[in-house]
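A.B. asks: Provided below: target-v5.csv, containing CSV, C-alpha atoms.
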chain,number,residue,atom,x,y,z
A,1,MET,CA,-139.6,108.5,121.5
A,2,ASN,CA,-139.8,105.4,119.2
A,3,SER,CA,-136.7,103.7,117.9
A,4,ARG,CA,-137.0,105.3,114.4
A,5,LEU,CA,-137.1,108.8,115.9
A,6,GLN,CA,-134.1,107.9,118.2
A,7,VAL,CA,-132.1,106.8,115.2
A,8,LEU,CA,-132.9,110.0,113.2
A,9,ALA,CA,-132.0,112.1,116.2
A,10,TYR,CA,-128.7,110.3,116.7
A,11,ARG,CA,-127.8,110.7,113.0
A,12,SER,CA,-128.6,114.5,113.2
A,13,LEU,CA,-126.5,115.0,116.2
A,14,SER,CA,-123.6,113.0,114.6
A,15,CYS,CA,-123.9,115.2,111.5
A,16,LEU,CA,-123.9,118.4,113.6
A,17,ALA,CA,-120.8,117.2,115.5
A,18,ALA,CA,-118.9,116.4,112.3
A,19,CYS,CA,-119.7,119.8,110.9
A,20,LEU,CA,-118.5,121.5,114.0
A,21,LEU,CA,-115.3,119.5,113.9
A,22,LEU,CA,-114.7,120.5,110.3
A,23,LEU,CA,-115.3,124.2,111.2
A,24,VAL,CA,-112.9,124.2,114.1
A,25,THR,CA,-110.3,122.3,112.1
A,26,GLY,CA,-110.6,124.8,109.3
A,27,LEU,CA,-110.3,127.8,111.6
A,28,GLY,CA,-107.2,126.2,113.1
A,29,ALA,CA,-105.6,125.7,109.7
A,30,ALA,CA,-106.5,129.3,108.7
A,31,GLY,CA,-104.8,130.5,111.9
A,32,ARG,CA,-101.7,128.6,111.2
A,33,SER,CA,-101.5,129.8,107.6
A,34,ASN,CA,-101.7,133.4,108.8
A,35,ALA,CA,-99.0,133.0,111.4
A,36,LYS,CA,-95.7,134.8,110.7
A,37,GLU,CA,-93.0,132.6,109.2
A,38,VAL,CA,-89.7,133.5,110.9
A,39,PHE,CA,-86.2,132.9,109.5
A,40,MET,CA,-83.4,133.6,112.1
A,41,VAL,CA,-79.7,133.1,112.0
A,42,ASN,CA,-77.4,133.8,115.0
A,43,PHE,CA,-74.2,132.0,113.7
A,44,ASP,CA,-73.8,129.9,116.8
A,45,GLN,CA,-73.9,126.7,114.7
A,46,ASP,CA,-71.1,127.8,112.4
A,47,ALA,CA,-67.5,126.9,112.5
A,48,LEU,CA,-65.2,129.5,114.2
A,49,GLY,CA,-62.8,131.3,111.9
A,50,GLN,CA,-64.9,130.4,108.8
A,51,SER,CA,-67.4,132.2,106.7
A,52,PRO,CA,-71.0,131.2,107.8
A,53,SER,CA,-72.8,128.5,105.9
A,54,GLY,CA,-75.8,129.5,103.9
A,55,PHE,CA,-74.4,132.9,102.9
A,56,THR,CA,-72.6,134.3,99.9
A,57,SER,CA,-70.2,137.2,100.0
A,58,TYR,CA,-70.3,139.8,97.2
A,59,ALA,CA,-68.2,142.8,96.3
A,60,THR,CA,-70.4,145.7,95.5
A,61,GLY,CA,-69.3,149.2,94.6
A,62,ASP,CA,-65.5,149.4,94.2
A,63,GLY,CA,-62.7,147.4,95.8
A,64,PRO,CA,-62.6,143.8,97.0
A,65,ALA,CA,-65.3,141.7,98.7
A,66,GLY,CA,-65.4,141.5,102.5
A,67,LYS,CA,-63.7,138.9,104.7
A,68,TRP,CA,-66.6,137.5,106.8
A,69,LEU,CA,-65.5,135.3,109.7
A,70,VAL,CA,-67.5,133.7,112.5
A,71,GLN,CA,-66.0,134.7,115.9
A,72,GLU,CA,-66.7,134.3,119.6
A,73,MET,CA,-67.5,137.6,121.2
A,74,ALA,CA,-68.3,138.5,124.8
A,75,GLY,CA,-71.6,140.2,125.1
A,76,ALA,CA,-73.0,138.8,121.9
A,77,PRO,CA,-76.8,139.5,121.7
A,78,SER,CA,-77.5,135.8,121.6
A,79,GLY,CA,-75.3,132.8,122.2
A,80,LYS,CA,-71.5,133.3,122.0
A,81,GLN,CA,-70.8,133.7,118.2
A,82,VAL,CA,-71.2,136.5,115.7
A,83,VAL,CA,-70.0,137.2,112.2
A,84,VAL,CA,-67.5,139.9,111.7
A,85,GLN,CA,-66.5,141.7,108.5
A,86,THR,CA,-62.7,141.8,109.2
A,87,GLY,CA,-61.4,143.2,105.9
A,88,ALA,CA,-60.1,146.8,106.4
A,89,ASP,CA,-59.6,147.8,102.7
A,90,ALA,CA,-60.1,151.6,102.8
A,91,THR,CA,-61.5,152.0,99.2
A,92,ARG,CA,-64.1,154.7,99.9
A,93,ASN,CA,-66.9,153.3,97.7
A,94,ARG,CA,-66.3,149.7,98.8
A,95,TYR,CA,-69.6,148.0,100.0
A,96,PRO,CA,-69.0,144.4,101.1
A,97,VAL,CA,-72.3,142.4,101.5
A,98,LEU,CA,-73.0,139.0,102.9
A,99,ILE,CA,-76.3,137.7,101.5
A,100,ALA,CA,-78.4,134.8,102.9
A,101,ASP,CA,-78.9,132.1,100.2
A,102,LYS,CA,-82.3,131.1,101.6
A,103,GLY,CA,-85.4,132.8,100.3
A,104,GLU,CA,-86.5,135.8,98.3
A,105,TYR,CA,-88.9,138.2,100.0
A,106,ALA,CA,-91.3,140.9,98.8
A,107,ASP,CA,-93.2,142.1,101.9
A,108,LEU,CA,-91.1,141.4,104.9
A,109,ASP,CA,-90.1,142.5,108.4
A,110,VAL,CA,-86.3,142.1,108.6
A,111,SER,CA,-83.8,143.1,111.4
A,112,ILE,CA,-80.2,142.7,112.3
A,113,LYS,CA,-78.1,143.6,115.4
A,114,GLY,CA,-74.7,145.2,114.6
A,115,LYS,CA,-71.7,146.7,116.3
A,116,ALA,CA,-69.1,149.0,114.8
A,117,ILE,CA,-65.7,148.0,116.0
A,118,SER,CA,-63.3,150.1,114.0
A,119,GLY,CA,-62.7,152.1,110.8
A,120,LYS,CA,-61.1,155.4,109.9
A,121,VAL,CA,-62.9,156.0,106.6
A,122,ASP,CA,-66.2,154.6,107.8
A,123,GLN,CA,-67.9,152.6,110.6
A,124,GLY,CA,-71.0,151.3,108.8
A,125,ILE,CA,-73.6,148.9,110.1
A,126,GLY,CA,-75.9,147.9,107.2
A,127,LEU,CA,-78.9,145.8,106.5
A,128,ALA,CA,-79.5,144.8,102.8
A,129,PHE,CA,-82.9,143.8,101.5
A,130,ARG,CA,-84.6,143.1,98.2
A,131,PHE,CA,-81.1,142.1,96.9
A,132,ARG,CA,-81.3,141.2,93.2
A,133,ASP,CA,-77.6,141.2,92.4
A,134,PRO,CA,-74.5,143.1,93.4
A,135,LYS,CA,-75.6,146.1,91.5
A,136,SER,CA,-79.3,146.2,92.5
A,137,TYR,CA,-80.6,146.3,96.1
A,138,TYR,CA,-81.7,148.4,99.0
A,139,VAL,CA,-79.6,149.0,102.1
A,140,VAL,CA,-80.3,150.9,105.3
A,141,ARG,CA,-77.3,151.7,107.4
A,142,ALA,CA,-76.2,153.4,110.6
A,143,ASN,CA,-72.8,155.2,110.7
A,144,ALA,CA,-70.9,155.6,114.0
A,145,LEU,CA,-68.5,158.2,112.5
A,146,GLU,CA,-71.2,160.4,111.0
A,147,ASN,CA,-74.0,159.7,113.6
A,148,ASN,CA,-76.7,159.2,111.0
A,149,PHE,CA,-79.1,156.7,109.6
A,150,ARG,CA,-79.5,156.4,105.8
A,151,LEU,CA,-81.6,154.5,103.3
A,152,TYR,CA,-80.0,153.9,99.9
A,153,LYS,CA,-80.7,152.0,96.7
A,154,MET,CA,-78.0,150.5,94.5
A,155,VAL,CA,-78.9,151.2,90.9
A,156,ASN,CA,-76.6,149.8,88.2
A,157,GLY,CA,-73.9,149.6,90.9
A,158,ARG,CA,-74.2,153.2,92.0
A,159,ARG,CA,-75.4,154.1,95.5
A,160,GLN,CA,-78.3,156.6,95.7
A,161,GLN,CA,-79.6,158.0,99.0
A,162,PHE,CA,-83.3,158.8,99.1
A,163,ALA,CA,-84.1,159.0,102.8
A,164,GLY,CA,-82.3,159.5,106.1
A,165,ALA,CA,-82.1,161.0,109.6
A,166,ASP,CA,-79.5,162.1,112.1
A,167,VAL,CA,-79.1,160.0,115.2
A,168,GLN,CA,-76.4,159.1,117.8
A,169,VAL,CA,-74.7,155.9,116.8
A,170,ALA,CA,-72.2,154.7,119.4
A,171,SER,CA,-69.2,152.8,118.3
A,172,GLY,CA,-68.5,149.6,120.3
A,173,GLN,CA,-72.2,149.1,121.2
A,174,TRP,CA,-74.8,146.8,119.8
A,175,HIS,CA,-77.6,148.5,117.8
A,176,THR,CA,-80.7,147.1,116.0
A,177,LEU,CA,-81.6,148.0,112.5
A,178,ARG,CA,-85.1,147.0,111.2
A,179,VAL,CA,-87.0,147.4,108.0
A,180,VAL,CA,-90.7,146.7,107.4
A,181,ALA,CA,-91.3,146.7,103.6
A,182,GLN,CA,-94.8,146.3,102.2
A,183,GLY,CA,-95.0,147.0,98.5
A,184,ASP,CA,-93.4,150.4,97.8
A,185,HIS,CA,-93.8,151.4,101.5
A,186,LEU,CA,-90.5,151.2,103.4
A,187,VAL,CA,-90.3,151.9,107.1
A,188,CYS,CA,-86.9,151.8,108.9
A,189,TYR,CA,-86.2,151.7,112.6
A,190,PHE,CA,-83.0,152.3,114.6
A,191,ASN,CA,-83.0,150.8,118.1
A,192,GLY,CA,-86.8,150.6,118.0
A,193,GLN,CA,-87.3,154.2,116.9
A,194,LYS,CA,-89.0,154.8,113.6
A,195,LEU,CA,-86.7,157.2,111.7
A,196,ILE,CA,-87.6,156.7,108.0
A,197,ASP,CA,-91.0,156.3,106.4
A,198,THR,CA,-90.9,156.6,102.7
A,199,ARG,CA,-92.0,155.0,99.4
A,200,ASP,CA,-89.9,153.6,96.5
A,201,ALA,CA,-90.8,151.0,93.9
A,202,THR,CA,-87.4,150.3,92.3
A,203,TYR,CA,-87.2,146.8,93.7
A,204,GLY,CA,-90.1,144.6,94.7
A,205,THR,CA,-88.5,141.4,95.9
A,206,GLY,CA,-85.1,139.9,96.7
A,207,LYS,CA,-82.8,138.4,99.2
A,208,VAL,CA,-81.6,139.8,102.6
A,209,GLY,CA,-78.2,140.2,104.2
A,210,ILE,CA,-75.7,142.4,105.9
A,211,TRP,CA,-73.5,145.3,104.6
A,212,THR,CA,-70.6,147.4,105.5
A,213,LYS,CA,-68.5,150.2,103.8
A,214,ALA,CA,-64.8,150.8,103.1
A,215,ASP,CA,-62.6,149.9,106.1
A,216,SER,CA,-65.5,149.2,108.6
A,217,VAL,CA,-64.8,146.3,110.8
A,218,THR,CA,-68.3,145.4,112.0
A,219,ALA,CA,-69.9,142.6,114.0
A,220,PHE,CA,-73.4,141.2,113.3
A,221,ASP,CA,-75.8,138.9,115.0
A,222,ASP,CA,-79.4,137.7,114.9
A,223,LEU,CA,-80.5,138.2,111.3
A,224,THR,CA,-84.3,137.8,111.5
A,225,VAL,CA,-87.0,137.8,108.8
A,226,ALA,CA,-90.7,137.6,109.3
A,227,LYS,CA,-93.9,138.5,107.5
A,228,PRO,CA,-95.0,142.1,108.3
Taking this structure as input, can you express it in the form of structure tokens?

C.D. replies:
Amino acid sequence: MNSRLQVLAYRSLSCLAACLLLLVTGLGAAGRSNAKEVFMVNFDQDALGQSPSGFTSYATGDGPAGKWLVQEMAGAPSGKQVVVQTGADATRNRYPVLIADKGEYADLDVSIKGKAISGKVDQGIGLAFRFRDPKSYYVVRANALENNFRLYKMVNGRRQQFAGADVQVASGQWHTLRVVAQGDHLVCYFNGQKLIDTRDATYGTGKVGIWTKADSVTAFDDLTVAKP
């Protein structure tokens, strides 16, 4: 092969290598962009005895807002600290919520671990999502006094149930609540078991957080959000 042909061959190979490099790089970038983005809070970096940073407490329904305090707790699902709704005001339609300031989500896969500690009127463990304001949001909750799992929407400050199932909810034990929301399709899980599969288009996007009812003293840990 003469020198001219050698130069042409070298240039062709170089061009092919560059194209392959761009292709591989592009595929890698595409893979990264499709990866699930996870937001997780376990309250271990927050000051004990204080409300956790990056969250806002709201009073929804009737009665006062909750008293949300970070505490150490043996057997916490991760680390040593959890957040506990400690206010025991017994107003029946009182729904304290603690909402994460970070992010608004439409389609999402969100979960929380919760433990009912006490409550005579209620022992609710709740996960709020697509929170627009204190009068407008969805919540799925488990109740250790009623042994059921319910999906509600707050509309103009009034709670409306539109799906549910009966299930054993033990007080004093950790449980996992999870919601996968894609458009109007809402699927809710309790301890890994799918119990609700329904559709509702009232709210399409919003913040996430945790929820209790009335005099429920409830601990929470590991609030996690990912793409579905």

A.B. asks: List the spatial neighbours of stretch 46-49 of chain A as a ChimeraX atom specification - criterion: any atom at most 9 Å away, all atoms listed in the file, same-chain residues fewer than 6 positions off excluded.

C.D. replies: /A:68-72,81

A.B. asks: Nearest to A:Asn191 among A:Gly114, A:Gly172, A:Gly124, A:Gly157, with distances taken over all atoms listed in the file: which residue is it?

C.D. replies: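 Looking only at the distances to A:Asn191, the closest residue turns out to be A:Gly114.
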
A.B. asks: Which one of A:Phe43, A:Tyr137, A:Phe131, A:Trp211 sits closest to A:Arg158 if you count all atoms listed in the file?

C.D. replies: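 Nearest to A:Arg158: A:Tyr137.
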
A.B. asks: Between atom CA of A:Val121 and atom CA of A:Lys135, what is the distance, to one decimal in Å?

C.D. replies: 22.1 Å

A.B. asks: Between atom CA of A:Leu98 and atom CA of A:Phe55, measure the distance and give it in Å to one decimal.

C.D. replies: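 A separation of 6.3 Å between them.
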
A.B. asks: For A:Asp122, which of A:Tyr105, A:Tyr95, A:Tyr138, A:Trp174 is the closest residue, counting all atoms listed in the file?

C.D. replies: A:Tyr95

A.B. asks: What is the distance between atom CA of A:Asp107 and atom CA of A:Thr205, in Å to one decimal?

C.D. replies: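 Computing the Euclidean distance for atom CA of A:Asp107 and atom CA of A:Thr205 yields 7.7 Å.
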
A.B. asks: Excluding A:Lys120 and its own-chain neighbours fewer than 6 positions away, which residues fall within 10 Å of it when counting all atoms listed in the file? Please give them as a PyMOL selection string.

C.D. replies: chain A and resi 88+90+145+214-217

A.B. asks: As a VMD selection string, please: the residues near stretch 56-64 of chain A (cut-off 10 Å, only C-alpha atoms, same-chain neighbours under 3 positions excluded).

C.D. replies: chain A and resid 51 to 53 67 to 68 87 89 to 101 133 to 136 154 156 to 159 209 to 211 213 to 214

A.B. asks: Rank nothing, just name the residue among A:Gly126, A:Ala201, A:Ala170, A:Gly192 nearest to A:Arg150, using only C-alpha atoms.

C.D. replies: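 Counting only C-alpha atoms, the residue closest to A:Arg150 is A:Gly126.
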
A.B. asks: I want to know what sits within 8 Å of A:Asp200, based on only C-alpha atoms, with residues of the same chain fewer than 4 positions away left out; could you give that as a list in words?

C.D. replies: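 Near neighbours after the sequence-gap exclusion: Asp184, His185 and Leu186 of chain A.
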
A.B. asks: Between A:Ile125, A:Leu223, A:Thr86, A:Gln182, which one has atoms that come closest to A:Ala65, using only C-alpha atoms?

C.D. replies: A:Thr86

A.B. asks: Pick out the closest residue to A:Asn42 from this set: A:Ala144, A:Ala74, A:Val208, A:Val82. Count only C-alpha atoms.

C.D. replies: A:Val82

A.B. asks: Around all the atoms of stretch 208-219 of chain A listed in the file, draw an axis-aligned box and extend it by 3 Å on each of the six sides; I want its centre and edge lengths in Å to one decimal, as JSON.

C.D. replies:
{"center_x": -72.1, "center_y": 145.3, "center_z": 108.3, "size_x": 25.0, "size_y": 17.0, "size_z": 17.4}
